[in-house]
>>> print(open('run-v2.cif').read())   # mmCIF, C-alpha atoms
data_target
loop_
_atom_site.label_atom_id
_atom_site.label_comp_id
_atom_site.auth_asym_id
_atom_site.auth_seq_id
_atom_site.Cartn_x
_atom_site.Cartn_y
_atom_site.Cartn_z
CA THR A 1 109.48 113.53 100.53
CA GLU A 2 107.63 111.13 98.21
CA ILE A 3 109.60 111.28 94.95
CA LEU A 4 113.21 112.06 95.86
CA PRO A 5 113.83 109.06 98.19
CA ASN A 6 112.56 106.68 95.51
CA ILE A 7 114.85 108.30 92.91
CA MET A 8 117.83 107.88 95.22
CA LEU A 9 117.00 104.22 95.91
CA ILE A 10 116.47 103.41 92.21
CA CYS A 11 119.72 105.19 91.35
CA PHE A 12 121.69 103.16 93.92
CA ILE A 13 120.16 99.81 92.90
CA LEU A 14 120.81 100.42 89.19
CA GLY A 15 124.32 101.62 89.99
CA LEU A 16 125.07 98.50 92.06
CA ILE A 17 123.80 96.20 89.27
CA GLY A 18 125.82 98.14 86.69
CA PHE A 19 128.94 97.99 88.85
CA MET A 20 128.71 94.21 89.19
CA GLY A 21 128.07 93.92 85.44
CA ASN A 22 131.14 96.00 84.59
CA ILE A 23 133.33 94.11 87.06
CA PHE A 24 132.16 90.79 85.61
CA THR A 25 132.62 91.85 81.96
CA PHE A 26 135.86 93.81 82.08
CA LEU A 27 137.62 91.06 84.06
CA GLN A 28 137.01 88.54 81.27
CA PRO A 29 140.26 87.36 79.63
CA ASN A 30 139.76 89.19 76.32
CA LEU A 31 139.15 92.59 77.97
CA ARG A 32 141.06 92.67 81.23
CA TRP A 33 144.34 93.92 79.71
CA ASN A 34 142.84 96.63 77.50
CA ASN A 35 143.69 100.16 78.66
CA CYS A 36 140.22 101.56 77.96
CA CYS A 37 138.58 98.70 79.86
CA ILE A 38 140.85 99.30 82.86
CA TYR A 39 139.91 102.98 82.91
CA ILE A 40 136.17 102.22 82.68
CA LEU A 41 136.56 99.63 85.43
CA CYS A 42 138.28 102.17 87.70
CA SER A 43 135.55 104.66 86.85
CA SER A 44 132.93 102.09 87.89
CA ILE A 45 134.68 101.64 91.24
CA VAL A 46 134.61 105.42 91.77
CA ASP A 47 130.92 105.45 90.78
CA ILE A 48 129.89 102.81 93.30
CA VAL A 49 131.95 104.50 96.05
CA TYR A 50 130.16 107.79 95.27
CA LEU A 51 126.73 106.13 95.28
CA SER A 52 127.52 104.27 98.52
CA ILE A 53 128.79 107.37 100.35
CA ASN A 54 126.37 109.99 99.01
CA THR A 55 123.24 108.59 97.40
CA PHE A 56 122.38 105.55 99.55
CA PRO A 57 123.10 107.26 102.92
CA SER A 58 120.90 110.18 101.79
CA TYR A 59 118.10 107.68 101.14
CA LEU A 60 118.53 106.08 104.58
CA GLN A 61 118.66 109.48 106.24
CA THR A 62 115.48 110.60 104.45
CA ILE A 63 113.49 107.43 105.16
CA TYR A 64 114.87 106.22 108.48
CA SER A 65 116.82 109.26 109.79
CA PHE A 66 119.91 107.01 109.69
CA LYS A 67 123.36 108.33 108.64
CA LEU A 68 126.44 106.51 107.23
CA PRO A 69 129.83 107.77 107.21
CA TRP A 70 135.05 109.31 82.81
CA ASN A 71 137.65 111.06 81.46
CA LEU A 72 140.62 108.73 81.08
CA SER A 73 138.73 106.31 78.81
CA ILE A 74 137.99 108.97 76.18
CA ILE A 75 141.63 110.17 76.35
CA ASP A 76 142.73 106.56 75.78
CA ARG A 77 140.42 106.21 72.75
CA TYR A 78 141.87 109.44 71.36
CA ALA A 79 145.41 108.14 71.87
CA CYS A 80 144.71 104.87 70.07
CA THR A 81 143.56 106.77 66.96
CA CYS A 82 146.75 108.86 66.80
CA ALA A 83 149.64 108.03 64.49
CA LEU A 84 152.28 105.62 65.78
CA THR A 85 154.84 108.45 65.80
CA SER A 86 152.62 110.73 67.90
CA TRP A 87 153.48 111.40 71.56
CA ALA A 88 149.86 110.67 72.50
CA HIS A 89 150.18 107.09 71.20
CA ARG A 90 152.52 106.31 74.08
CA LEU A 91 149.54 106.69 76.42
CA ASN A 92 148.26 103.34 75.10
CA LYS A 93 151.07 101.46 76.82
CA LEU A 94 149.89 99.39 79.78
CA LYS A 95 152.57 100.86 82.06
CA MET A 96 150.94 104.29 81.65
CA VAL A 97 147.66 103.15 83.24
CA PRO A 98 148.64 103.52 86.95
CA ARG A 99 150.46 106.79 86.21
CA LEU A 100 147.46 108.35 84.49
CA ILE A 101 145.07 107.15 87.20
CA LEU A 102 147.29 108.67 89.92
CA MET A 103 147.57 111.89 87.91
CA MET A 104 143.77 112.10 87.55
CA ILE A 105 143.29 111.56 91.30
CA CYS A 106 145.70 114.45 92.02
CA ILE A 107 143.98 116.73 89.49
CA SER A 108 140.55 115.92 90.96
CA GLY A 109 141.85 116.73 94.44
CA ILE A 110 143.25 120.07 93.29
CA PHE A 111 140.03 121.02 91.48
CA SER A 112 137.96 120.12 94.59
CA ILE A 113 140.08 121.97 97.15
CA TYR A 114 137.79 125.01 97.01
CA SER A 115 135.09 122.97 98.79
CA PRO A 116 136.77 122.60 102.22
CA ILE A 117 138.24 126.11 101.95
CA LEU A 118 134.83 127.74 101.56
CA GLY A 119 133.04 125.41 103.98
CA ASN A 120 131.90 126.31 107.47
CA ASN A 121 129.56 125.03 110.16
CA GLN A 122 126.80 127.54 109.58
CA PRO A 123 123.65 126.17 107.93
CA ALA A 124 123.02 127.56 104.46
CA LEU A 125 122.09 126.31 101.02
CA CYS A 126 124.73 123.65 100.17
CA GLY A 127 126.10 124.17 103.70
CA TYR A 128 128.48 126.93 102.65
CA GLY A 129 128.78 130.48 103.93
CA GLU A 130 130.43 131.79 100.75
CA GLN A 131 127.46 130.53 98.80
CA ASN A 132 127.89 132.57 95.62
CA ILE A 133 131.61 131.86 95.22
CA TYR A 134 131.11 128.17 95.95
CA GLY A 135 128.18 127.95 93.53
CA ILE A 136 130.12 129.63 90.72
CA LEU A 137 133.18 127.40 91.21
CA ASN A 138 130.99 124.31 91.42
CA ILE A 139 129.18 125.17 88.19
CA PHE A 140 132.47 126.00 86.43
CA PHE A 141 134.39 122.84 87.37
CA ASN A 142 131.53 120.29 87.24
CA GLY A 143 129.13 121.83 84.74
CA ILE A 144 131.39 123.62 82.26
CA LEU A 145 135.05 122.56 82.42
CA GLN A 146 134.56 118.79 82.56
CA PRO A 147 132.14 118.52 79.57
CA ILE A 148 134.32 120.90 77.51
CA VAL A 149 137.47 118.82 78.10
CA ILE A 150 135.62 115.61 77.21
CA LEU A 151 134.10 117.20 74.11
CA ILE A 152 137.54 118.36 72.93
CA PHE A 153 138.88 114.81 73.05
CA VAL A 154 135.76 113.48 71.31
CA LEU A 155 136.30 115.93 68.43
CA LEU A 156 140.01 115.10 68.26
CA THR A 157 139.18 111.39 68.14
CA TYR A 158 136.64 111.96 65.36
CA ARG A 159 139.24 113.99 63.43
CA ASN A 160 141.81 111.19 63.72
CA ILE A 161 139.30 108.62 62.48
CA ARG A 162 138.45 110.74 59.44
CA GLN A 163 142.12 111.30 58.64
CA SER A 164 142.80 107.58 59.01
CA ARG A 165 140.05 106.73 56.52
CA GLN A 166 141.28 109.34 54.06
CA ARG A 167 144.78 107.84 54.17
CA VAL A 168 143.41 104.48 52.99
CA GLY A 169 141.29 106.07 50.26
CA GLY A 170 138.01 105.92 52.16
CA MET A 171 138.01 102.10 52.08
CA VAL A 172 137.79 100.30 55.40
CA LYS A 173 138.01 96.52 55.34
CA PRO A 174 135.48 94.57 57.42
CA GLY A 175 136.86 93.63 60.80
CA VAL A 176 139.78 96.08 60.69
CA ASN A 177 140.03 98.00 64.00
CA ARG A 178 136.59 96.64 64.93
CA PHE A 179 137.64 96.26 68.55
CA ARG A 180 138.89 99.86 68.73
CA ASN A 181 135.91 101.40 66.93
CA GLN A 182 133.30 99.64 69.09
CA PHE A 183 134.79 101.11 72.23
CA ILE A 184 135.05 104.54 70.60
CA VAL A 185 131.30 104.47 69.82
CA MET A 186 130.55 103.24 73.35
CA ILE A 187 132.62 105.98 75.01
CA ILE A 188 131.29 108.78 72.80
CA THR A 189 127.70 107.70 73.54
CA GLN A 190 128.39 107.84 77.27
CA VAL A 191 130.01 111.26 76.84
CA LEU A 192 126.86 112.60 75.18
CA ILE A 193 124.65 111.22 77.97
CA THR A 194 127.02 112.77 80.53
CA ALA A 195 126.68 116.10 78.74
CA ILE A 196 122.88 115.90 78.95
CA PHE A 197 122.90 115.23 82.70
CA SER A 198 125.53 117.92 83.27
CA LEU A 199 123.63 120.47 81.17
CA GLN A 200 120.37 120.14 83.10
CA TRP A 201 122.28 120.33 86.38
CA MET A 202 124.26 123.38 85.28
CA VAL A 203 121.16 125.25 84.05
CA VAL A 204 119.19 124.61 87.27
CA GLN A 205 122.14 125.42 89.54
CA THR A 206 122.81 128.68 87.70
CA TYR A 207 119.13 129.66 87.78
CA VAL A 208 118.81 129.01 91.53
CA LEU A 209 122.13 130.68 92.35
CA PHE A 210 121.27 134.00 90.72
CA ASN A 211 117.52 134.12 91.42
CA LEU A 212 117.07 132.73 94.93
CA ARG A 213 117.75 136.00 96.77
CA THR A 214 115.65 138.05 94.35
CA ALA A 215 112.57 135.82 94.61
CA LYS A 216 109.58 137.89 95.69
CA THR A 217 107.08 135.19 96.64
CA ALA A 218 107.16 132.00 98.68
CA ASP A 219 105.91 130.06 95.67
CA ALA A 220 108.96 131.14 93.65
CA VAL A 221 111.32 130.04 96.43
CA PHE A 222 109.46 126.75 96.76
CA LEU A 223 109.68 126.09 93.01
CA MET A 224 113.44 126.79 92.99
CA ALA A 225 113.90 124.47 95.97
CA ILE A 226 112.10 121.66 94.13
CA LEU A 227 114.18 122.21 90.98
CA PHE A 228 117.39 122.39 93.00
CA PHE A 229 116.89 119.15 94.91
CA LEU A 230 115.41 117.27 91.95
CA SER A 231 118.35 118.27 89.75
CA ASN A 232 120.84 117.17 92.42
CA LYS A 233 119.17 113.77 92.75
CA ILE A 234 119.00 113.19 88.99
CA TYR A 235 122.66 114.12 88.48
CA PRO A 236 124.01 110.93 90.18
CA PHE A 237 122.53 108.89 87.31
CA ASN A 238 125.78 109.94 85.61
CA ASN A 239 127.37 107.34 87.87
CA VAL A 240 124.90 104.66 86.77
CA LYS A 241 124.90 104.79 82.97
CA SER A 242 128.17 103.02 82.12
CA PHE A 243 127.02 99.39 82.15
CA TYR A 244 123.65 99.95 80.49
CA PHE A 245 124.91 102.07 77.59
CA SER A 246 127.85 99.71 77.12
CA ILE A 247 125.34 96.89 76.66
CA LEU A 248 123.31 98.97 74.19
CA THR A 249 126.15 100.34 72.05
CA SER A 250 128.91 97.69 71.98
CA LYS A 251 128.39 94.29 70.38
CA LEU A 252 131.75 93.12 71.74
CA TYR A 253 130.70 94.08 75.29
CA ARG A 254 127.40 92.17 74.92
CA GLN A 255 129.16 89.11 73.54
CA THR A 256 131.73 89.11 76.34
CA PHE A 257 129.03 89.55 78.99
CA THR A 258 126.77 86.77 77.64
CA LYS A 259 129.75 84.47 77.06
CA GLY A 260 130.81 84.90 80.68
CA LEU A 261 127.27 84.15 81.89
CA LYS A 262 127.07 81.01 79.74
CA LYS A 263 130.41 79.86 81.14
CA ILE A 264 129.10 80.25 84.71
CA PHE A 265 125.81 78.44 84.02
CA SER A 266 127.60 75.61 82.16
CA ARG A 267 129.70 74.99 85.27
CA GLN A 268 126.54 74.88 87.36
#
>>> encode(input="run-v2.cif", output="structure tokens")
Amino acid sequence: TEILPNIMLICFILGLIGFMGNIFTFLQPNLRWNNCCIYILCSSIVDIVYLSINTFPSYLQTIYSFKLPWNLSIIDRYACTCALTSWAHRLNKLKMVPRLILMMICISGIFSIYSPILGNNQPALCGYGEQNIYGILNIFFNGILQPIVILIFVLLTYRNIRQSRQRVGGMVKPGVNRFRNQFIVMIITQVLITAIFSLQWMVVQTYVLFNLRTAKTADAVFLMAILFFLSNKIYPFNNVKSFYFSILTSKLYRQTFTKGLKKIFSRQ
């Protein structure tokens, strides 16, 4: 009651600031037509929708009893490191952006369909009667499958970069592919942070799922409840990190952001 509401409020405020920062930066003229920037921008919109529907209403409900109703970017960075004759390189075309976004929305809907199927109106942990099945599917799709898919594309991207450097004899001229490489570093950093948040969530969820019914003391149940709710409230920071780690890892992103701010203040 003391810690969790503050975590939710901090998470929402940081997410809102990051969302505005990403909107401001990725709509600058030198970034607005880049595929990777479009995907990150769409991801930021999804993040703020999630925080507005889930995190902030949970804070209001806890404090005032008041209720309110990253995947494409790493695939794009992999595609841009492929050979020009590769089928994956066609994904870099701007016309593919709406198609891939629509495809990802459909895939997300299919992977989430188990939630309404297993749901019911009876109160239980997570609000689901088929608690074990729901917990296992939730851990598999959100804690295992998603990080594995992202990690595969990270490794494929790293392989393409190494092969590209070997083809030019290990010599890379200054400034060549600087734009591409900065975004690759930025995306891979965010993937690693996502993996850390997902790992702690997956470990706690698995521990609670298989040990809750075998707990012998009230203290054990209480400890698992604390871990469960704390892990769930920390996990939404996955939806906050984009702007802040982009600032830290990409010089081009920082320059574009500061240049846009200077342009605004010069008009003032």
>>> atom_distance(input="run-v2.cif", atom1="atom CA of Gln205 of chain A", atom2="atom CA of Val154 of chain A")
25.7 Å
>>> atom_distance(input="run-v2.cif", atom1="atom CA of Ile133 of chain A", atom2="atom CA of Val203 of chain A")
16.7 Å
>>> residues_around(input="run-v2.cif", residues="segment 74-85 of chain A", least_positions_apart="2", cutoff="10 Å", atoms="only C-alpha atoms", output="PDB file with C-alpha atoms, keeping the file's coordinate frame")
ATOM      1  CA  ASN A  35     143.690 100.160  78.660  1.00  0.00           C
ATOM      2  CA  CYS A  36     140.220 101.560  77.960  1.00  0.00           C
ATOM      3  CA  CYS A  37     138.580  98.700  79.860  1.00  0.00           C
ATOM      4  CA  TYR A  39     139.910 102.980  82.910  1.00  0.00           C
ATOM      5  CA  ILE A  40     136.170 102.220  82.680  1.00  0.00           C
ATOM      6  CA  TRP A  70     135.050 109.310  82.810  1.00  0.00           C
ATOM      7  CA  ASN A  71     137.650 111.060  81.460  1.00  0.00           C
ATOM      8  CA  LEU A  72     140.620 108.730  81.080  1.00  0.00           C
ATOM      9  CA  TRP A  87     153.480 111.400  71.560  1.00  0.00           C
ATOM     10  CA  ALA A  88     149.860 110.670  72.500  1.00  0.00           C
ATOM     11  CA  HIS A  89     150.180 107.090  71.200  1.00  0.00           C
ATOM     12  CA  ARG A  90     152.520 106.310  74.080  1.00  0.00           C
ATOM     13  CA  LEU A  91     149.540 106.690  76.420  1.00  0.00           C
ATOM     14  CA  ASN A  92     148.260 103.340  75.100  1.00  0.00           C
ATOM     15  CA  LYS A  93     151.070 101.460  76.820  1.00  0.00           C
ATOM     16  CA  VAL A  97     147.660 103.150  83.240  1.00  0.00           C
ATOM     17  CA  VAL A 149     137.470 118.820  78.100  1.00  0.00           C
ATOM     18  CA  ILE A 150     135.620 115.610  77.210  1.00  0.00           C
ATOM     19  CA  LEU A 151     134.100 117.200  74.110  1.00  0.00           C
ATOM     20  CA  ILE A 152     137.540 118.360  72.930  1.00  0.00           C
ATOM     21  CA  PHE A 153     138.880 114.810  73.050  1.00  0.00           C
ATOM     22  CA  VAL A 154     135.760 113.480  71.310  1.00  0.00           C
ATOM     23  CA  LEU A 155     136.300 115.930  68.430  1.00  0.00           C
ATOM     24  CA  LEU A 156     140.010 115.100  68.260  1.00  0.00           C
ATOM     25  CA  THR A 157     139.180 111.390  68.140  1.00  0.00           C
ATOM     26  CA  TYR A 158     136.640 111.960  65.360  1.00  0.00           C
ATOM     27  CA  ARG A 159     139.240 113.990  63.430  1.00  0.00           C
ATOM     28  CA  ASN A 160     141.810 111.190  63.720  1.00  0.00           C
ATOM     29  CA  ILE A 161     139.300 108.620  62.480  1.00  0.00           C
ATOM     30  CA  ARG A 162     138.450 110.740  59.440  1.00  0.00           C
ATOM     31  CA  GLN A 163     142.120 111.300  58.640  1.00  0.00           C
ATOM     32  CA  SER A 164     142.800 107.580  59.010  1.00  0.00           C
ATOM     33  CA  ASN A 177     140.030  98.000  64.000  1.00  0.00           C
ATOM     34  CA  ARG A 180     138.890  99.860  68.730  1.00  0.00           C
ATOM     35  CA  ASN A 181     135.910 101.400  66.930  1.00  0.00           C
ATOM     36  CA  PHE A 183     134.790 101.110  72.230  1.00  0.00           C
ATOM     37  CA  ILE A 184     135.050 104.540  70.600  1.00  0.00           C
ATOM     38  CA  VAL A 185     131.300 104.470  69.820  1.00  0.00           C
ATOM     39  CA  MET A 186     130.550 103.240  73.350  1.00  0.00           C
ATOM     40  CA  ILE A 187     132.620 105.980  75.010  1.00  0.00           C
ATOM     41  CA  ILE A 188     131.290 108.780  72.800  1.00  0.00           C
ATOM     42  CA  GLN A 190     128.390 107.840  77.270  1.00  0.00           C
ATOM     43  CA  VAL A 191     130.010 111.260  76.840  1.00  0.00           C
TER      44      VAL A 191
END
>>> closest_residue(input="run-v2.cif", among="A:Ser266, A:Asn239, A:Gln28, A:Thr214", to="Phe197 of chain A", atoms="all atoms listed in the file")
A:Asn239
>>> resolve_selection(input="run-v2.cif", expression="the PyMOL selection byres ((chain A and resi 142) around 10)", output="number ranges by chain")
A: 111-112, 137-141, 143-147, 198-199, 201-202
>>> residues_around(input="run-v2.cif", residues="Ser242 of chain A", least_positions_apart="5", cutoff="10 Å", atoms="all atoms listed in the file", output="MDAnalysis selection string")
chainID A and resid 15 18:19 21:22 40:41 43:44 47 70 186:187 189:191 193:194 237 247
>>> closest_residue(input="run-v2.cif", among="A:Ile105, A:Ile10, A:Val208, A:Met96", to="Phe222 of chain A", atoms="all atoms listed in the file")
A:Val208
>>> closest_residue(input="run-v2.cif", among="A:Ile38, A:Ile13, A:Ile113, A:Leu223", to="Thr25 of chain A", atoms="only C-alpha atoms")
A:Ile38
>>> residues_around(input="run-v2.cif", residues="Phe210 of chain A", least_positions_apart="5", cutoff="12 Å", atoms="all atoms listed in the file", output="PDB file with C-alpha atoms, keeping the file's coordinate frame")
ATOM      1  CA  GLN A 131     127.460 130.530  98.800  1.00  0.00           C
ATOM      2  CA  ASN A 132     127.890 132.570  95.620  1.00  0.00           C
ATOM      3  CA  ILE A 133     131.610 131.860  95.220  1.00  0.00           C
ATOM      4  CA  GLY A 135     128.180 127.950  93.530  1.00  0.00           C
ATOM      5  CA  ILE A 136     130.120 129.630  90.720  1.00  0.00           C
ATOM      6  CA  VAL A 203     121.160 125.250  84.050  1.00  0.00           C
ATOM      7  CA  VAL A 204     119.190 124.610  87.270  1.00  0.00           C
ATOM      8  CA  GLN A 205     122.140 125.420  89.540  1.00  0.00           C
ATOM      9  CA  ALA A 215     112.570 135.820  94.610  1.00  0.00           C
ATOM     10  CA  MET A 224     113.440 126.790  92.990  1.00  0.00           C
TER      11      MET A 224
END
